[in-house]
$ cat work_15.cif   # mmCIF, N, CA and C atoms
data_upload
#
loop_
_atom_site.label_atom_id
_atom_site.label_comp_id
_atom_site.auth_asym_id
_atom_site.auth_seq_id
_atom_site.Cartn_x
_atom_site.Cartn_y
_atom_site.Cartn_z
N MET A 1 -41.21 12.26 -19.31
CA MET A 1 -42.53 12.66 -19.75
C MET A 1 -42.95 11.87 -20.99
N ARG A 2 -42.00 11.70 -21.92
CA ARG A 2 -42.31 10.95 -23.15
C ARG A 2 -42.72 9.51 -22.82
N ARG A 3 -42.02 8.91 -21.87
CA ARG A 3 -42.33 7.54 -21.48
C ARG A 3 -43.74 7.45 -20.91
N LEU A 4 -44.10 8.43 -20.11
CA LEU A 4 -45.42 8.45 -19.51
C LEU A 4 -46.50 8.56 -20.57
N VAL A 5 -46.30 9.43 -21.53
CA VAL A 5 -47.26 9.59 -22.63
C VAL A 5 -47.31 8.31 -23.47
N GLY A 6 -46.14 7.74 -23.75
CA GLY A 6 -46.08 6.49 -24.52
C GLY A 6 -46.79 5.35 -23.81
N ALA A 7 -46.59 5.26 -22.51
CA ALA A 7 -47.26 4.23 -21.74
C ALA A 7 -48.77 4.42 -21.77
N GLY A 8 -49.21 5.66 -21.72
CA GLY A 8 -50.64 5.96 -21.78
C GLY A 8 -51.24 5.54 -23.10
N VAL A 9 -50.52 5.82 -24.19
CA VAL A 9 -51.00 5.44 -25.52
C VAL A 9 -51.10 3.92 -25.63
N VAL A 10 -50.10 3.21 -25.13
CA VAL A 10 -50.12 1.75 -25.16
C VAL A 10 -51.29 1.22 -24.33
N ALA A 11 -51.51 1.77 -23.16
CA ALA A 11 -52.60 1.32 -22.29
C ALA A 11 -53.96 1.52 -22.96
N VAL A 12 -54.15 2.67 -23.58
CA VAL A 12 -55.42 2.93 -24.28
C VAL A 12 -55.58 1.96 -25.45
N GLY A 13 -54.50 1.72 -26.18
CA GLY A 13 -54.54 0.78 -27.30
C GLY A 13 -54.91 -0.62 -26.85
N LEU A 14 -54.34 -1.07 -25.74
CA LEU A 14 -54.66 -2.39 -25.21
C LEU A 14 -56.10 -2.46 -24.73
N ALA A 15 -56.61 -1.40 -24.16
CA ALA A 15 -58.01 -1.38 -23.72
C ALA A 15 -58.94 -1.54 -24.90
N PHE A 16 -58.64 -0.83 -25.99
CA PHE A 16 -59.49 -0.95 -27.18
C PHE A 16 -59.35 -2.33 -27.81
N ALA A 17 -58.16 -2.90 -27.77
CA ALA A 17 -57.96 -4.24 -28.32
C ALA A 17 -58.78 -5.26 -27.55
N GLY A 18 -58.83 -5.13 -26.23
CA GLY A 18 -59.64 -6.03 -25.41
C GLY A 18 -61.11 -5.90 -25.73
N SER A 19 -61.57 -4.67 -25.95
CA SER A 19 -62.97 -4.43 -26.31
C SER A 19 -63.27 -5.06 -27.66
N ALA A 20 -62.33 -4.92 -28.59
CA ALA A 20 -62.54 -5.49 -29.93
C ALA A 20 -62.62 -7.01 -29.85
N LEU A 21 -61.78 -7.63 -29.01
CA LEU A 21 -61.80 -9.07 -28.85
C LEU A 21 -63.15 -9.52 -28.30
N ALA A 22 -63.66 -8.81 -27.30
CA ALA A 22 -64.96 -9.15 -26.74
C ALA A 22 -66.06 -8.99 -27.79
N ALA A 23 -65.98 -7.93 -28.57
CA ALA A 23 -66.98 -7.70 -29.61
C ALA A 23 -66.91 -8.80 -30.65
N ASP A 24 -65.71 -9.22 -31.04
CA ASP A 24 -65.57 -10.31 -31.99
C ASP A 24 -66.15 -11.60 -31.43
N GLY A 25 -65.93 -11.84 -30.16
CA GLY A 25 -66.48 -13.03 -29.52
C GLY A 25 -68.00 -13.03 -29.54
N ALA A 26 -68.59 -11.87 -29.27
CA ALA A 26 -70.05 -11.76 -29.31
C ALA A 26 -70.58 -11.99 -30.71
N ALA A 27 -69.91 -11.44 -31.70
CA ALA A 27 -70.35 -11.62 -33.09
C ALA A 27 -70.19 -13.08 -33.52
N LEU A 28 -69.08 -13.68 -33.16
CA LEU A 28 -68.88 -15.10 -33.48
C LEU A 28 -69.91 -15.97 -32.78
N TYR A 29 -70.17 -15.68 -31.53
CA TYR A 29 -71.15 -16.46 -30.78
C TYR A 29 -72.51 -16.36 -31.45
N LYS A 30 -72.86 -15.16 -31.84
CA LYS A 30 -74.16 -14.95 -32.49
C LYS A 30 -74.25 -15.74 -33.80
N SER A 31 -73.18 -15.75 -34.57
CA SER A 31 -73.23 -16.43 -35.86
C SER A 31 -73.01 -17.94 -35.79
N LYS A 32 -72.26 -18.40 -34.79
CA LYS A 32 -71.89 -19.81 -34.74
C LYS A 32 -72.62 -20.62 -33.67
N CYS A 33 -73.06 -19.97 -32.59
CA CYS A 33 -73.52 -20.71 -31.42
C CYS A 33 -75.00 -20.55 -31.07
N THR A 34 -75.59 -19.40 -31.39
CA THR A 34 -76.95 -19.14 -30.91
C THR A 34 -78.00 -20.07 -31.51
N ALA A 35 -77.75 -20.63 -32.67
CA ALA A 35 -78.75 -21.53 -33.26
C ALA A 35 -79.05 -22.70 -32.33
N CYS A 36 -78.04 -23.16 -31.62
CA CYS A 36 -78.23 -24.28 -30.69
C CYS A 36 -78.27 -23.84 -29.23
N HIS A 37 -77.37 -22.92 -28.86
CA HIS A 37 -77.24 -22.54 -27.44
C HIS A 37 -78.09 -21.34 -27.05
N GLY A 38 -78.88 -20.82 -27.99
CA GLY A 38 -79.80 -19.74 -27.69
C GLY A 38 -79.14 -18.37 -27.64
N ALA A 39 -79.99 -17.36 -27.77
CA ALA A 39 -79.51 -15.98 -27.73
C ALA A 39 -78.85 -15.70 -26.39
N GLU A 40 -77.71 -15.07 -26.44
CA GLU A 40 -76.95 -14.70 -25.25
C GLU A 40 -76.65 -15.89 -24.34
N GLY A 41 -76.58 -17.08 -24.93
CA GLY A 41 -76.19 -18.27 -24.17
C GLY A 41 -77.24 -18.79 -23.23
N ALA A 42 -78.51 -18.49 -23.48
CA ALA A 42 -79.59 -18.88 -22.57
C ALA A 42 -80.00 -20.34 -22.70
N GLY A 43 -79.47 -21.05 -23.71
CA GLY A 43 -79.83 -22.45 -23.91
C GLY A 43 -81.07 -22.60 -24.77
N SER A 44 -81.31 -23.83 -25.20
CA SER A 44 -82.49 -24.13 -26.02
C SER A 44 -82.81 -25.61 -25.85
N ALA A 45 -83.79 -26.07 -26.59
CA ALA A 45 -84.15 -27.49 -26.55
C ALA A 45 -83.05 -28.35 -27.18
N MET A 46 -82.15 -27.71 -27.95
CA MET A 46 -81.10 -28.44 -28.64
C MET A 46 -79.80 -28.55 -27.85
N ALA A 47 -79.51 -27.54 -27.02
CA ALA A 47 -78.20 -27.51 -26.34
C ALA A 47 -78.30 -26.71 -25.04
N PRO A 48 -77.42 -27.01 -24.10
CA PRO A 48 -77.47 -26.34 -22.79
C PRO A 48 -77.08 -24.87 -22.86
N ALA A 49 -77.48 -24.16 -21.83
CA ALA A 49 -77.10 -22.75 -21.68
C ALA A 49 -75.62 -22.64 -21.36
N HIS A 50 -75.02 -21.59 -21.82
CA HIS A 50 -73.66 -21.26 -21.40
C HIS A 50 -73.70 -20.23 -20.29
N LYS A 51 -74.74 -19.42 -20.29
CA LYS A 51 -74.91 -18.43 -19.23
C LYS A 51 -75.38 -19.15 -17.97
N GLY A 52 -74.67 -18.93 -16.87
CA GLY A 52 -75.03 -19.59 -15.63
C GLY A 52 -74.62 -21.06 -15.58
N ASN A 53 -73.73 -21.47 -16.47
CA ASN A 53 -73.32 -22.86 -16.58
C ASN A 53 -72.04 -23.07 -15.75
N ASP A 54 -72.12 -23.95 -14.76
CA ASP A 54 -70.98 -24.21 -13.88
C ASP A 54 -69.78 -24.75 -14.65
N TRP A 55 -70.01 -25.55 -15.69
CA TRP A 55 -68.90 -26.08 -16.47
C TRP A 55 -68.13 -24.95 -17.13
N VAL A 56 -68.84 -24.01 -17.74
CA VAL A 56 -68.18 -22.87 -18.38
C VAL A 56 -67.45 -22.03 -17.34
N LYS A 57 -68.08 -21.84 -16.18
CA LYS A 57 -67.46 -21.03 -15.12
C LYS A 57 -66.16 -21.61 -14.62
N THR A 58 -66.11 -22.93 -14.45
CA THR A 58 -64.99 -23.55 -13.74
C THR A 58 -63.97 -24.26 -14.62
N THR A 59 -64.28 -24.45 -15.87
CA THR A 59 -63.38 -25.20 -16.75
C THR A 59 -62.29 -24.29 -17.31
N LYS A 60 -61.11 -24.85 -17.47
CA LYS A 60 -59.99 -24.10 -18.04
C LYS A 60 -60.32 -23.68 -19.47
N ASP A 61 -59.83 -22.50 -19.85
CA ASP A 61 -60.06 -21.98 -21.19
C ASP A 61 -59.62 -22.97 -22.27
N ALA A 62 -58.49 -23.62 -22.07
CA ALA A 62 -57.97 -24.57 -23.06
C ALA A 62 -58.92 -25.74 -23.26
N ASP A 63 -59.57 -26.19 -22.19
CA ASP A 63 -60.51 -27.31 -22.31
C ASP A 63 -61.79 -26.90 -23.05
N ILE A 64 -62.24 -25.68 -22.79
CA ILE A 64 -63.41 -25.17 -23.53
C ILE A 64 -63.04 -25.03 -25.01
N ALA A 65 -61.85 -24.52 -25.27
CA ALA A 65 -61.39 -24.35 -26.66
C ALA A 65 -61.35 -25.69 -27.38
N THR A 66 -60.93 -26.74 -26.69
CA THR A 66 -60.88 -28.07 -27.29
C THR A 66 -62.27 -28.53 -27.70
N VAL A 67 -63.26 -28.29 -26.87
CA VAL A 67 -64.64 -28.68 -27.20
C VAL A 67 -65.13 -27.86 -28.40
N ILE A 68 -64.83 -26.57 -28.42
CA ILE A 68 -65.25 -25.74 -29.55
C ILE A 68 -64.63 -26.25 -30.84
N LYS A 69 -63.35 -26.56 -30.80
CA LYS A 69 -62.65 -27.01 -32.01
C LYS A 69 -63.05 -28.41 -32.44
N ASN A 70 -63.12 -29.34 -31.48
CA ASN A 70 -63.32 -30.75 -31.82
C ASN A 70 -64.75 -31.24 -31.71
N GLY A 71 -65.61 -30.47 -31.06
CA GLY A 71 -66.97 -30.92 -30.83
C GLY A 71 -67.01 -31.96 -29.74
N ARG A 72 -68.20 -32.52 -29.56
CA ARG A 72 -68.37 -33.55 -28.52
C ARG A 72 -69.67 -34.30 -28.81
N PRO A 73 -69.63 -35.63 -28.78
CA PRO A 73 -70.85 -36.42 -28.97
C PRO A 73 -71.86 -36.13 -27.86
N ALA A 74 -73.12 -36.27 -28.14
CA ALA A 74 -74.17 -36.00 -27.14
C ALA A 74 -73.99 -36.85 -25.90
N ALA A 75 -73.50 -38.06 -26.05
CA ALA A 75 -73.33 -38.96 -24.91
C ALA A 75 -72.29 -38.44 -23.92
N GLN A 76 -71.46 -37.50 -24.34
CA GLN A 76 -70.41 -36.98 -23.46
C GLN A 76 -70.80 -35.69 -22.74
N THR A 77 -72.03 -35.23 -22.91
CA THR A 77 -72.41 -34.01 -22.21
C THR A 77 -72.38 -34.26 -20.72
N ARG A 78 -71.97 -33.28 -19.97
CA ARG A 78 -71.81 -33.44 -18.53
C ARG A 78 -73.06 -33.02 -17.76
N PHE A 79 -73.91 -32.25 -18.38
CA PHE A 79 -75.11 -31.75 -17.72
C PHE A 79 -76.33 -32.31 -18.41
N ASP A 80 -77.35 -32.59 -17.67
CA ASP A 80 -78.62 -33.04 -18.23
C ASP A 80 -78.45 -34.24 -19.16
N LYS A 81 -77.76 -35.26 -18.69
CA LYS A 81 -77.53 -36.45 -19.52
C LYS A 81 -78.85 -36.98 -20.07
N GLY A 82 -78.84 -37.27 -21.35
CA GLY A 82 -80.01 -37.78 -22.02
C GLY A 82 -80.97 -36.73 -22.53
N LYS A 83 -80.81 -35.49 -22.09
CA LYS A 83 -81.73 -34.44 -22.52
C LYS A 83 -81.43 -33.99 -23.95
N TYR A 84 -80.16 -33.94 -24.30
CA TYR A 84 -79.76 -33.45 -25.62
C TYR A 84 -79.29 -34.63 -26.46
N THR A 85 -79.96 -34.85 -27.58
CA THR A 85 -79.67 -36.02 -28.39
C THR A 85 -78.69 -35.74 -29.52
N ILE A 86 -78.39 -34.48 -29.76
CA ILE A 86 -77.42 -34.15 -30.80
C ILE A 86 -76.12 -33.71 -30.15
N GLY A 87 -75.02 -34.09 -30.74
CA GLY A 87 -73.72 -33.68 -30.22
C GLY A 87 -73.34 -32.29 -30.71
N MET A 88 -72.25 -31.82 -30.17
CA MET A 88 -71.69 -30.53 -30.60
C MET A 88 -70.77 -30.81 -31.78
N PRO A 89 -71.00 -30.13 -32.91
CA PRO A 89 -70.12 -30.35 -34.06
C PRO A 89 -68.77 -29.68 -33.87
N ALA A 90 -67.78 -30.19 -34.56
CA ALA A 90 -66.46 -29.54 -34.58
C ALA A 90 -66.58 -28.23 -35.36
N ASN A 91 -65.76 -27.27 -34.99
CA ASN A 91 -65.77 -25.96 -35.65
C ASN A 91 -64.38 -25.66 -36.20
N LYS A 92 -64.34 -25.29 -37.44
CA LYS A 92 -63.06 -24.90 -38.06
C LYS A 92 -62.91 -23.40 -37.89
N LEU A 93 -62.28 -23.02 -36.81
CA LEU A 93 -62.06 -21.62 -36.49
C LEU A 93 -60.58 -21.40 -36.21
N ALA A 94 -60.13 -20.19 -36.46
CA ALA A 94 -58.76 -19.81 -36.12
C ALA A 94 -58.61 -19.75 -34.60
N ASP A 95 -57.40 -19.90 -34.12
CA ASP A 95 -57.16 -19.87 -32.68
C ASP A 95 -57.63 -18.58 -32.03
N ASP A 96 -57.46 -17.44 -32.72
CA ASP A 96 -57.90 -16.17 -32.13
C ASP A 96 -59.43 -16.11 -32.06
N GLU A 97 -60.11 -16.75 -33.01
CA GLU A 97 -61.57 -16.79 -32.96
C GLU A 97 -62.05 -17.65 -31.80
N VAL A 98 -61.42 -18.79 -31.61
CA VAL A 98 -61.77 -19.67 -30.50
C VAL A 98 -61.53 -18.95 -29.18
N SER A 99 -60.41 -18.27 -29.08
CA SER A 99 -60.09 -17.52 -27.87
C SER A 99 -61.14 -16.44 -27.60
N ALA A 100 -61.58 -15.77 -28.65
CA ALA A 100 -62.62 -14.74 -28.50
C ALA A 100 -63.93 -15.35 -28.03
N LEU A 101 -64.26 -16.53 -28.55
CA LEU A 101 -65.49 -17.22 -28.11
C LEU A 101 -65.40 -17.62 -26.64
N VAL A 102 -64.27 -18.16 -26.23
CA VAL A 102 -64.09 -18.57 -24.84
C VAL A 102 -64.22 -17.35 -23.92
N THR A 103 -63.57 -16.26 -24.29
CA THR A 103 -63.66 -15.03 -23.50
C THR A 103 -65.10 -14.55 -23.40
N TYR A 104 -65.83 -14.60 -24.49
CA TYR A 104 -67.24 -14.18 -24.47
C TYR A 104 -68.06 -15.11 -23.58
N MET A 105 -67.86 -16.42 -23.71
CA MET A 105 -68.61 -17.38 -22.91
C MET A 105 -68.32 -17.18 -21.41
N LYS A 106 -67.07 -16.98 -21.06
CA LYS A 106 -66.71 -16.73 -19.65
C LYS A 106 -67.38 -15.45 -19.16
N GLY A 107 -67.48 -14.45 -20.05
CA GLY A 107 -68.12 -13.19 -19.70
C GLY A 107 -69.61 -13.32 -19.44
N LEU A 108 -70.24 -14.34 -19.99
CA LEU A 108 -71.66 -14.58 -19.74
C LEU A 108 -71.91 -14.99 -18.30
N ASN A 109 -70.85 -15.38 -17.62
CA ASN A 109 -70.97 -15.92 -16.27
C ASN A 109 -70.41 -14.99 -15.19
N LYS A 110 -70.27 -13.73 -15.50
CA LYS A 110 -69.74 -12.78 -14.51
C LYS A 110 -70.86 -12.06 -13.82
#
$ encode --input "work_15.cif" --output "structure tokens"
Amino acid sequence: MRRLVGAGVVAVGLAFAGSALAADGAALYKSKCTACHGAEGAGSAMAPAHKGNDWVKTTKDADIATVIKNGRPAAQTRFDKGKYTIGMPANKLADDEVSALVTYMKGLNK
């Protein structure tokens, strides 16, 4: 019985931790990404949308994390070549912050 109760407590704790990670990703996205990528990832004249973006949907999390950390020149954009003249700047974020952003971005495409 104790094990069952203990397992339940752990499961609830993990559920809340996942929610907190998603919330952190949303807050980070709002503070770091919306200026260029638009509210809720809808895109803007400066940068492509993340919501409904096939690259975000199909790319490995590690590859998205690399772009977030290192940035990317405008010439390397894979969508709408020539439309965006500014590149993505590198971001100095902790690994857990980058992971939260990737999780949030993937969630925009569900």
$ axis_aligned_box --input "work_15.cif" --around "range 88-98 of chain A" --padding-each-side "8 Å" --output "JSON"
{"center_x": -64.7, "center_y": -24.0, "center_z": -33.6, "size_x": 31.1, "size_y": 31.7, "size_z": 24.9}
$ closest_residue --input "work_15.cif" --among "A:Lys32, A:Lys83, A:Lys92, A:Lys51" --to "Ile68 in chain A" --atoms "only N, CA and C atoms"
A:Lys92
$ residues_around --input "work_15.cif" --residues "Thr103 in chain A" --least-positions-apart "3" --cutoff "8 Å" --atoms "only N, CA and C atoms" --output "PDB file with N, CA and C atoms, in the frame of the given file"
ATOM      1  N   LEU A  21     -61.780  -7.630 -29.010  1.00  0.00           N
ATOM      2  CA  LEU A  21     -61.800  -9.070 -28.850  1.00  0.00           C
ATOM      3  C   LEU A  21     -63.150  -9.520 -28.300  1.00  0.00           C
ATOM      4  N   ALA A  22     -63.660  -8.810 -27.300  1.00  0.00           N
ATOM      5  CA  ALA A  22     -64.960  -9.150 -26.740  1.00  0.00           C
ATOM      6  C   ALA A  22     -66.060  -8.990 -27.790  1.00  0.00           C
ATOM      7  N   GLY A  25     -65.930 -11.840 -30.160  1.00  0.00           N
ATOM      8  CA  GLY A  25     -66.480 -13.030 -29.520  1.00  0.00           C
ATOM      9  C   GLY A  25     -68.000 -13.030 -29.540  1.00  0.00           C
ATOM     10  N   ALA A  26     -68.590 -11.870 -29.270  1.00  0.00           N
ATOM     11  CA  ALA A  26     -70.050 -11.760 -29.310  1.00  0.00           C
ATOM     12  C   ALA A  26     -70.580 -11.990 -30.710  1.00  0.00           C
ATOM     13  N   ASP A  61     -59.830 -22.500 -19.850  1.00  0.00           N
ATOM     14  CA  ASP A  61     -60.060 -21.980 -21.190  1.00  0.00           C
ATOM     15  C   ASP A  61     -59.620 -22.970 -22.270  1.00  0.00           C
ATOM     16  N   GLU A  97     -60.110 -16.750 -33.010  1.00  0.00           N
ATOM     17  CA  GLU A  97     -61.570 -16.790 -32.960  1.00  0.00           C
ATOM     18  C   GLU A  97     -62.050 -17.650 -31.800  1.00  0.00           C
ATOM     19  N   VAL A  98     -61.420 -18.790 -31.610  1.00  0.00           N
ATOM     20  CA  VAL A  98     -61.770 -19.670 -30.500  1.00  0.00           C
ATOM     21  C   VAL A  98     -61.530 -18.950 -29.180  1.00  0.00           C
ATOM     22  N   SER A  99     -60.410 -18.270 -29.080  1.00  0.00           N
ATOM     23  CA  SER A  99     -60.090 -17.520 -27.870  1.00  0.00           C
ATOM     24  C   SER A  99     -61.140 -16.440 -27.600  1.00  0.00           C
ATOM     25  N   ALA A 100     -61.580 -15.770 -28.650  1.00  0.00           N
ATOM     26  CA  ALA A 100     -62.620 -14.740 -28.500  1.00  0.00           C
ATOM     27  C   ALA A 100     -63.930 -15.350 -28.030  1.00  0.00           C
ATOM     28  N   LYS A 106     -67.070 -16.980 -21.060  1.00  0.00           N
ATOM     29  CA  LYS A 106     -66.710 -16.730 -19.650  1.00  0.00           C
ATOM     30  C   LYS A 106     -67.380 -15.450 -19.160  1.00  0.00           C
ATOM     31  N   GLY A 107     -67.480 -14.450 -20.050  1.00  0.00           N
ATOM     32  CA  GLY A 107     -68.120 -13.190 -19.700  1.00  0.00           C
ATOM     33  C   GLY A 107     -69.610 -13.320 -19.440  1.00  0.00           C
ATOM     34  N   LEU A 108     -70.240 -14.340 -19.990  1.00  0.00           N
ATOM     35  CA  LEU A 108     -71.660 -14.580 -19.740  1.00  0.00           C
ATOM     36  C   LEU A 108     -71.910 -14.990 -18.300  1.00  0.00           C
TER      37      LEU A 108
END
$ resolve_selection --input "work_15.cif" --expression "the PyMOL selection byres ((chain A and resi 62-67) around 7)" --output "count of residues only"
14
$ closest_residue --input "work_15.cif" --among "A:Gly41, A:Pro73, A:Gly87, A:Pro48" --to "Met105 in chain A" --atoms "all atoms listed in the file"
A:Gly41
$ atom_distance --input "work_15.cif" --atom1 "CA of Asp24 in chain A" --atom2 "CA of Ala47 in chain A"
22.1 Å
$ atom_distance --input "work_15.cif" --atom1 "atom N of Cys36 in chain A" --atom2 "atom N of His50 in chain A"
10.4 Å
$ atom_distance --input "work_15.cif" --atom1 "atom C of Ala39 in chain A" --atom2 "atom N of Gly52 in chain A"
10.9 Å
$ build_atoms --input "work_15.cif" --residues "range 25-35 of chain A" --atoms "all heavy atoms" --output "JSON list (two decimals), in the coordinates of the input"
[["chain", "number", "residue", "atom", "x", "y", "z"],
["A", 25, "GLY", "N", -65.93, -11.84, -30.16],
["A", 25, "GLY", "CA", -66.48, -13.03, -29.52],
["A", 25, "GLY", "C", -68.00, -13.03, -29.54],
["A", 25, "GLY", "O", -68.63, -14.05, -29.81],
["A", 26, "ALA", "N", -68.59, -11.87, -29.27],
["A", 26, "ALA", "CA", -70.05, -11.76, -29.31],
["A", 26, "ALA", "C", -70.58, -11.99, -30.71],
["A", 26, "ALA", "O", -71.58, -12.70, -30.90],
["A", 26, "ALA", "CB", -70.48, -10.38, -28.79],
["A", 27, "ALA", "N", -69.91, -11.44, -31.70],
["A", 27, "ALA", "CA", -70.35, -11.62, -33.09],
["A", 27, "ALA", "C", -70.19, -13.08, -33.52],
["A", 27, "ALA", "O", -71.08, -13.64, -34.17],
["A", 27, "ALA", "CB", -69.56, -10.70, -34.02],
["A", 28, "LEU", "N", -69.08, -13.68, -33.16],
["A", 28, "LEU", "CA", -68.88, -15.10, -33.48],
["A", 28, "LEU", "C", -69.91, -15.97, -32.78],
["A", 28, "LEU", "O", -70.46, -16.90, -33.38],
["A", 28, "LEU", "CB", -67.47, -15.54, -33.06],
["A", 28, "LEU", "CG", -66.34, -15.16, -33.99],
["A", 28, "LEU", "CD1", -65.00, -15.32, -33.30],
["A", 28, "LEU", "CD2", -66.39, -16.01, -35.25],
["A", 29, "TYR", "N", -70.17, -15.68, -31.53],
["A", 29, "TYR", "CA", -71.15, -16.46, -30.78],
["A", 29, "TYR", "C", -72.51, -16.36, -31.45],
["A", 29, "TYR", "O", -73.20, -17.37, -31.63],
["A", 29, "TYR", "CB", -71.23, -15.97, -29.33],
["A", 29, "TYR", "CG", -71.97, -16.92, -28.43],
["A", 29, "TYR", "CD1", -71.29, -17.93, -27.77],
["A", 29, "TYR", "CD2", -73.35, -16.84, -28.27],
["A", 29, "TYR", "CE1", -71.96, -18.84, -26.95],
["A", 29, "TYR", "CE2", -74.02, -17.74, -27.46],
["A", 29, "TYR", "CZ", -73.33, -18.73, -26.81],
["A", 29, "TYR", "OH", -74.00, -19.62, -26.01],
["A", 30, "LYS", "N", -72.86, -15.16, -31.84],
["A", 30, "LYS", "CA", -74.16, -14.95, -32.49],
["A", 30, "LYS", "C", -74.25, -15.74, -33.80],
["A", 30, "LYS", "O", -75.27, -16.36, -34.07],
["A", 30, "LYS", "CB", -74.38, -13.46, -32.76],
["A", 30, "LYS", "CG", -75.73, -13.14, -33.33],
["A", 30, "LYS", "CD", -75.95, -11.66, -33.47],
["A", 30, "LYS", "CE", -77.33, -11.38, -34.02],
["A", 30, "LYS", "NZ", -77.57, -9.94, -34.19],
["A", 31, "SER", "N", -73.18, -15.75, -34.57],
["A", 31, "SER", "CA", -73.23, -16.43, -35.86],
["A", 31, "SER", "C", -73.01, -17.94, -35.79],
["A", 31, "SER", "O", -73.53, -18.67, -36.61],
["A", 31, "SER", "CB", -72.21, -15.81, -36.83],
["A", 31, "SER", "OG", -70.89, -16.12, -36.44],
["A", 32, "LYS", "N", -72.26, -18.40, -34.79],
["A", 32, "LYS", "CA", -71.89, -19.81, -34.74],
["A", 32, "LYS", "C", -72.62, -20.62, -33.67],
["A", 32, "LYS", "O", -72.75, -21.82, -33.79],
["A", 32, "LYS", "CB", -70.39, -19.97, -34.48],
["A", 32, "LYS", "CG", -69.49, -19.31, -35.50],
["A", 32, "LYS", "CD", -69.43, -20.13, -36.74],
["A", 32, "LYS", "CE", -68.43, -19.52, -37.73],
["A", 32, "LYS", "NZ", -68.49, -20.18, -39.01],
["A", 33, "CYS", "N", -73.06, -19.97, -32.59],
["A", 33, "CYS", "CA", -73.52, -20.71, -31.42],
["A", 33, "CYS", "C", -75.00, -20.55, -31.07],
["A", 33, "CYS", "O", -75.59, -21.45, -30.48],
["A", 33, "CYS", "CB", -72.69, -20.32, -30.19],
["A", 33, "CYS", "SG", -70.91, -20.41, -30.46],
["A", 34, "THR", "N", -75.59, -19.40, -31.39],
["A", 34, "THR", "CA", -76.95, -19.14, -30.91],
["A", 34, "THR", "C", -78.00, -20.07, -31.51],
["A", 34, "THR", "O", -79.02, -20.30, -30.87],
["A", 34, "THR", "CB", -77.38, -17.68, -31.15],
["A", 34, "THR", "OG1", -77.29, -17.38, -32.55],
["A", 34, "THR", "CG2", -76.55, -16.71, -30.36],
["A", 35, "ALA", "N", -77.75, -20.63, -32.67],
["A", 35, "ALA", "CA", -78.75, -21.53, -33.26],
["A", 35, "ALA", "C", -79.05, -22.70, -32.33],
["A", 35, "ALA", "O", -80.19, -23.15, -32.23],
["A", 35, "ALA", "CB", -78.27, -22.03, -34.61]]
